[in-house]
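What follows is a set of notes on a single structure, which appears directly below.
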There are 2 protein chains.
Amino acid sequence: MIYLPTAVRNIPTYDVLAQDGVEAIDDHAMNILETNGIEFRDDGSAAIWRQAGAEVTGHRVRIARELIRKLIATVPTEFDYHARNSDRTARVGGRNMIFGPAYGTPNLIDLDGVRRQATAEDMRTLMKLHHVNPVIHYNGGYTLEPMDISVPHRHLHMVESSFLTTDKPIMGSAQSEFQAQDSLDMAKIVFGEEFVDKNVVMTAFLNCNSPLVWDQTQLESLRLYAAHNQALLLSPFVLYGASTPVHVLAATAQIVAEVIAGVAFSQIIRPGCRALMGVAPMGVYMKSGSPTFGSPEVALAMFIFGQMARFYGIPWRTSGAKSGSKGDDLYAGYDSILKVYPAILGGCNLLTHCGGTIEGSLCISMGKLGADGQQMQNFYTMLKGVDWADMDAALASLAKVGPGGHFFDEDYTREKLPFLDEIQDNERFESWVATGSKDAGTRGREWCRKMLSKYEEEPPGLEASIREALRDFVERREREIPT
Amino acid sequence: MIYLPTAVRNIPTYDVLAQDGVEAIDDHAMNILETNGIEFRDDGSAAIWRQAGAEVTGHRVRIARELIRKLIATVPTEFDYHARNSDRTARVGGRNMIFGPAYGTPNLIDLDGVRRQATAEDMRTLMKLHHVNPVIHYNGGYTLEPMDISVPHRHLHMVESSFLTTDKPIMGSAQSEFQAQDSLDMAKIVFGEEFVDKNVVMTAFLNCNSPLVWDQTQLESLRLYAAHNQALLLSPFVLYGASTPVHVLAATAQIVAEVIAGVAFSQIIRPGCRALMGVAPMGVYMKSGSPTFGSPEVALAMFIFGQMARFYGIPWRTSGAKSGSKGDDLYAGYDSILKVYPAILGGCNLLTHCGGTIEGSLCISMGKLGADGQQMQNFYTMLKGVDWADMDAALASLAKVGPGGHFFDEDYTREKLPFLDEIQDNERFESWVATGSKDAGTRGREWCRKMLSKYEEEPPGLEASIREALRDFVERREREIPT
């Protein structure tokens with residue numbers, strides 16, 4: 001199986017703001033936390049803040065900037081994200097960047113091109129595809145929302161399927177405290193309790209409800225994952241203009257305040273636990289309230305957010321190939337690249353949604369999933385940047401070829417082929433017609449079928465004893481948890 | 001008619017290379033010109049180089065860097081690109097950027113979604129659409145290749161139609177010396193001889209045949225346009241890996257050598273005449289030789305080329321929304337943004353191909369033309385960057401809305417709506433189905449129809465005497481030029 005390890009950035013980051021602009025955003029964010037304050041809507045969490053020295057009134061927490069700075073100083077700038085196959089362990093933070101799957105869509109356009117509700121089987125199919133996709137560095141999570149399993153039991157199947165289908169790093173569930181606990185218990189079955197306590201084997205999404213609310217459900221999960229030393233993706237749910245002011249810089253200051261409050265809180269729970277600034281802003285269509293993607297304001301906000309993450313020395317997670325399109329059309333392509341480009345140049349460390357998301361996160365298109373995967377390899381190649389090595393040999397080939405020649409036959413050309421997208425059709429119209437006039441979605445689905453066959457040739461396997469222990473755990477918990 | 005004036009960049013440029021890297025590329029380019037030399041395959045042009053002090057053997061010209069630097073010192077960094085309606089005069093160079101149409105495709109997918117050969121009528125339809133597209137700053141050229149007109153007469157109809165359909169700045173033909181002369185003569189009819197001699201009223205494409213050949217046809221046109229003080233788009237035809245080495249930095253050094261030799265030559269003909277570094281690299285599909293778009297190597301080369309243009313203080317032209325796709329699918333969207341993003345962040349001053357190009361420049365899709373136009377407005381908005389004004393008001397609205405609220409009802413939100421794409425569909429799946437399940441191409445074609453109606457409500461008009469003089473000129477030249 002071809003596998004591309006963690007991308008190591010060898011191109012500069014793009015800064016929209018000058019240093020004094022970055023400092024001004026920081027100042028505004030700190031003012032928000034000191035003056036407006038932020039709500040931690042959970043008695044236990046509010047009490048923890050009071051004890052740490054914040055000013056707490058009910059659930060409203062006002063935090064002095066000195067306290068914030070002291071707390072976030074312990075967040076690691078880089079960490080290893082462990083896979084059960086240590087060859088697949090990824091590195092997050094600093095110059096390291098990893099690509100990951102989409103999650104949470106209740107529908108899919110399947111391998112036959114039919115739109116329907118997603119099942120647990122579809123969720124596993126996606127996990128298999130992420131396993132054989134060379135540039136997907138972690139796997140699992142709700143790659144699809146399995147609508148054929150009752151809501152309180154879904155996380156069990158999600159985590160079990162992750163361990164069964166892939167040996168890449170996986171995700172845990174954070175939708176409630178008991179789901180988080182079950183995810184951690186299952187990780188301990190696979191990795192052992194001591195390993196889990198010392199190492200990151202799971203990431204978990206914790207959403208701040210913008211503006212300025214961390215709610216009880218998310219805080220309970222946050223406390224549990226932080227206590228277990230796992231990596232937190234602290235992600236305000238940002239709809240630019242709905243949950244923030246329609247002002248790029250004010251919105252960024254608000255988001256920074258929200259995420260930094262969450263990061264600081266995690267360090268009270270367990271100093272040194274891994275936390276990522278998880279901002280993945282979306283726009284909003286004012287008429288329907290639906291999310292939008294690829295808008296210029298969101299791109300600018302993403303670049304600035306990357307700068308803020310570097311300012312604080314905290315890894316940055318954002319989201320990639322999303323679209324509001326209903327199929328594999330132009331806008332599905334536009335939106336995806338419009339989201340991924342700022343992530344790549346802005347210095348993202350962990351990119352979610354690297355394949356297939358359409359309908360504003362309500363559907364996965366299998367055609368787009370395949371095609372997006374190639375785009376991620378395109379960006380992976382771009383991250384490598386330029387190389388002065390072999391400059392003389394290349395210029396010598398120019399001297400040899402001379403005016404009016406071509407480079408096809410040069411040894412140098414054959415050795416250093418440029419990146420070639422496996423799904424893109426570069427034939428002329430007539431050849432394209434002769435091979436069936438297949439659009440990109442159709443070709444993307446064909447690629448998925450081919451890759452699934454490859455998966456079945458070389459599945460990752462899992463020790464029988466672990467497999468049985470996981471199965472026993474799932475069966476016991478299904479009996480215990482009311483549906 | 002809504003019209004967005006020349007974009008003025010208010011975001012930083014993105015530099016892939018450090019300053020010493022830029023200097024190294026310059027050094028390699030100068031070495032190529034001094035040592036390998038470059039061919040000017042035209043006796044007259046070679047003689048001009050000899051007289052200017054270059055070492056000339058046959059058509060091979062070797063030029064000392066001191067001579068190159070002396071010659072290019074007179075190229076203006078900025079200039080006005082005059083329209084016959086002075087309100088539409090655009091500014092090119094420095095922080096100024098303009099968007100322009102595609103050109104030269106012999107086929108189109110028309111307003112009914114049918115693929116067929118292009119006609120003169122289609123060429124005019126595109127000119128009308130560019131006229132009403134707010135973000136298209138110049139118009140005309142072979143917006144389509146009119147296949148129903150004999151090749152030697154096409155330029156006459158192209159230039160006449162440009163003046164008849166639009167009052168934005170237009171393009172001339174440079175496919176042969178007599179076509180260039182006719183274009184200039186027609187411009188003189190519209191603007192007057194003296195105005196044309198003093199001002200840029202036309203841009204013209206001059207292609208270097210990479211590697212390292214300027215041929216007679218192009219040189220004759222180049223000399224004519226330069227003598228008439230019009231703006232030259234000096235554009236090596238770059239297929240990365242076919243006409244250059246497969247090495248981003250070596251390829252860039254070669255391209256710089258080619259284009260700088262052309263620029264320097266233009267300044268011998270008429271010091272101070274406007275010239276642009278016109279590089280718009282494409283990749284190549286090794287199997288068929290077809291061009292490819294959106295590859296990571298090409299993106300890196302574009303960023304670096306932007307840096308080189310700034311290093312020399314010469315405006316940069318590149319090309320935008322192109323794709324090898326056969327329709328309005330995912331790759332048509334991916335490729336377009338993958339090309340435009342580096343142009344925007346890399347500091348492009350004149351962007352061609354801002355709408356519709358598919359099949360690697362062999363077809364225009366009217367659906368994509370409409371949709372691409374919205375993407376250009378998206379980037380136009382991004383170029384404005386962020387604004388610290390109103391920061392206090394925006395943060396005050398956050399304080400007022402408070403934790404858990406929303407910003408829809410704030411006066412501030414209603415005043416400062418984010419950019420909204422007119423063609424994108426942001427409805428939920430069910431609403432999209434209820435309105436006909438239209439994909440982006442269909443919606444793009446509908447937008448074109450709507451805009452053509454707008455055009456007919458308010459066409460730009462042209463004085464009857466000028467219209468008649470142009471008609472007389474075309475009729476006389478059609479009699480004179482054998483088909």
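Ordered as shown in the structure tokens, chains take letters A, B, and onward, while each chain numbers its residues from 1 and ligands are numbered from 1 in the order shown.
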
(message) Give me, as a PyMOL selection string, all polymer residues having an atom no more than 9 Å from region 437-449 of chain A, counting only C-alpha atoms and skipping those fewer than 3 positions away in the same chain.
(response) (chain A and resi 110-113+129+327-329+365-372+422-425+429+431-434+452-454) or (chain B and resi 325-331)

(request) List every residue of region 203-436 of chain B that DSSP, applied to the backbone, labels as alpha helix (DSSP H), and write the result as a PyMOL selection string. (result) chain B and resi 216-227+248-269+296-312+330-346+366-383+391-401+411-415+429-434

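Contact shell of Leu362 (chain A) at 6 Å (only C-alpha atoms; same-chain neighbours under 2 positions omitted): Thr105, Pro106, Glu359 and Gly360 of chain A.
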
(request) Write out as a ChimeraX atom specification the residues lying within 12 Å of Met282 (chain A), counting only C-alpha atoms and excluding same-chain residues fewer than 5 positions away. (result) /A:236-244,248,251,289-302,318-324,335,338-339,360-361 /B:418

Take the residues from that selection and put them in a file with C-alpha atoms, as an mmCIF file, in the first residue's frame.
```
data_model
loop_
_atom_site.group_PDB
_atom_site.id
_atom_site.type_symbol
_atom_site.label_atom_id
_atom_site.label_comp_id
_atom_site.auth_asym_id
_atom_site.auth_seq_id
_atom_site.Cartn_x
_atom_site.Cartn_y
_atom_site.Cartn_z
ATOM 1 C CA PRO A 236 -16.083 27.124 17.666
ATOM 2 C CA PHE A 237 -18.968 26.519 15.261
ATOM 3 C CA VAL A 238 -18.539 29.677 13.215
ATOM 4 C CA LEU A 239 -21.121 30.901 10.733
ATOM 5 C CA TYR A 240 -19.586 34.208 9.697
ATOM 6 C CA GLY A 241 -22.215 36.925 10.025
ATOM 7 C CA ALA A 242 -24.656 34.767 12.035
ATOM 8 C CA SER A 243 -22.660 33.657 15.062
ATOM 9 C CA THR A 244 -20.071 36.441 14.658
ATOM 10 C CA VAL A 248 -13.474 39.783 9.437
ATOM 11 C CA ALA A 251 -15.099 37.911 14.019
ATOM 12 C CA GLY A 289 -29.370 30.176 7.379
ATOM 13 C CA SER A 290 -27.497 27.426 5.481
ATOM 14 C CA PRO A 291 -23.713 27.403 5.645
ATOM 15 C CA THR A 292 -21.741 28.655 2.643
ATOM 16 C CA PHE A 293 -18.165 27.912 1.636
ATOM 17 C CA GLY A 294 -15.423 29.593 -0.279
ATOM 18 C CA SER A 295 -16.350 33.204 0.428
ATOM 19 C CA PRO A 296 -13.581 35.833 0.414
ATOM 20 C CA GLU A 297 -14.267 36.916 3.977
ATOM 21 C CA VAL A 298 -13.883 33.358 5.229
ATOM 22 C CA ALA A 299 -10.615 32.948 3.307
ATOM 23 C CA LEU A 300 -9.212 36.118 4.858
ATOM 24 C CA ALA A 301 -10.368 35.000 8.306
ATOM 25 C CA MET A 302 -8.636 31.638 7.804
ATOM 26 C CA THR A 318 -9.285 23.681 10.032
ATOM 27 C CA SER A 319 -11.578 22.069 7.489
ATOM 28 C CA GLY A 320 -11.100 21.505 3.800
ATOM 29 C CA ALA A 321 -13.060 20.264 0.843
ATOM 30 C CA LYS A 322 -16.609 21.301 1.689
ATOM 31 C CA SER A 323 -19.318 22.654 -0.549
ATOM 32 C CA GLY A 324 -22.969 23.560 -0.532
ATOM 33 C CA ASP A 335 -15.621 25.683 -2.974
ATOM 34 C CA LEU A 338 -11.266 27.944 -2.069
ATOM 35 C CA LYS A 339 -11.315 26.326 1.384
ATOM 36 C CA GLY A 360 -23.110 21.917 3.445
ATOM 37 C CA SER A 361 -22.135 18.746 5.389
ATOM 38 C CA PRO B 418 -20.704 39.538 2.944
#
```

(request) Would you mind reading off the distance between CA of Arg479 (chain A) and CA of Leu184 (chain A), one decimal, in Å? (result) 18.6 Å

(request) Pick out the residues sitting within 7 Å of region 459-468 of chain B, and hand them over as a PyMOL selection string; count only C-alpha atoms, and ignore anything fewer than 2 positions along from it in its own chain. (result) chain B and resi 164-167+189-190+455-457+470-472

(request) Compile the contact shell of region 51-58 of chain B as a VMD selection string: residues with an atom at most 10 Å away, counting only C-alpha atoms, same-chain residues fewer than 3 positions apart removed. (result) chain B and resid 34 37 to 43 45 to 48 61 to 64 67 to 68 71 265 268
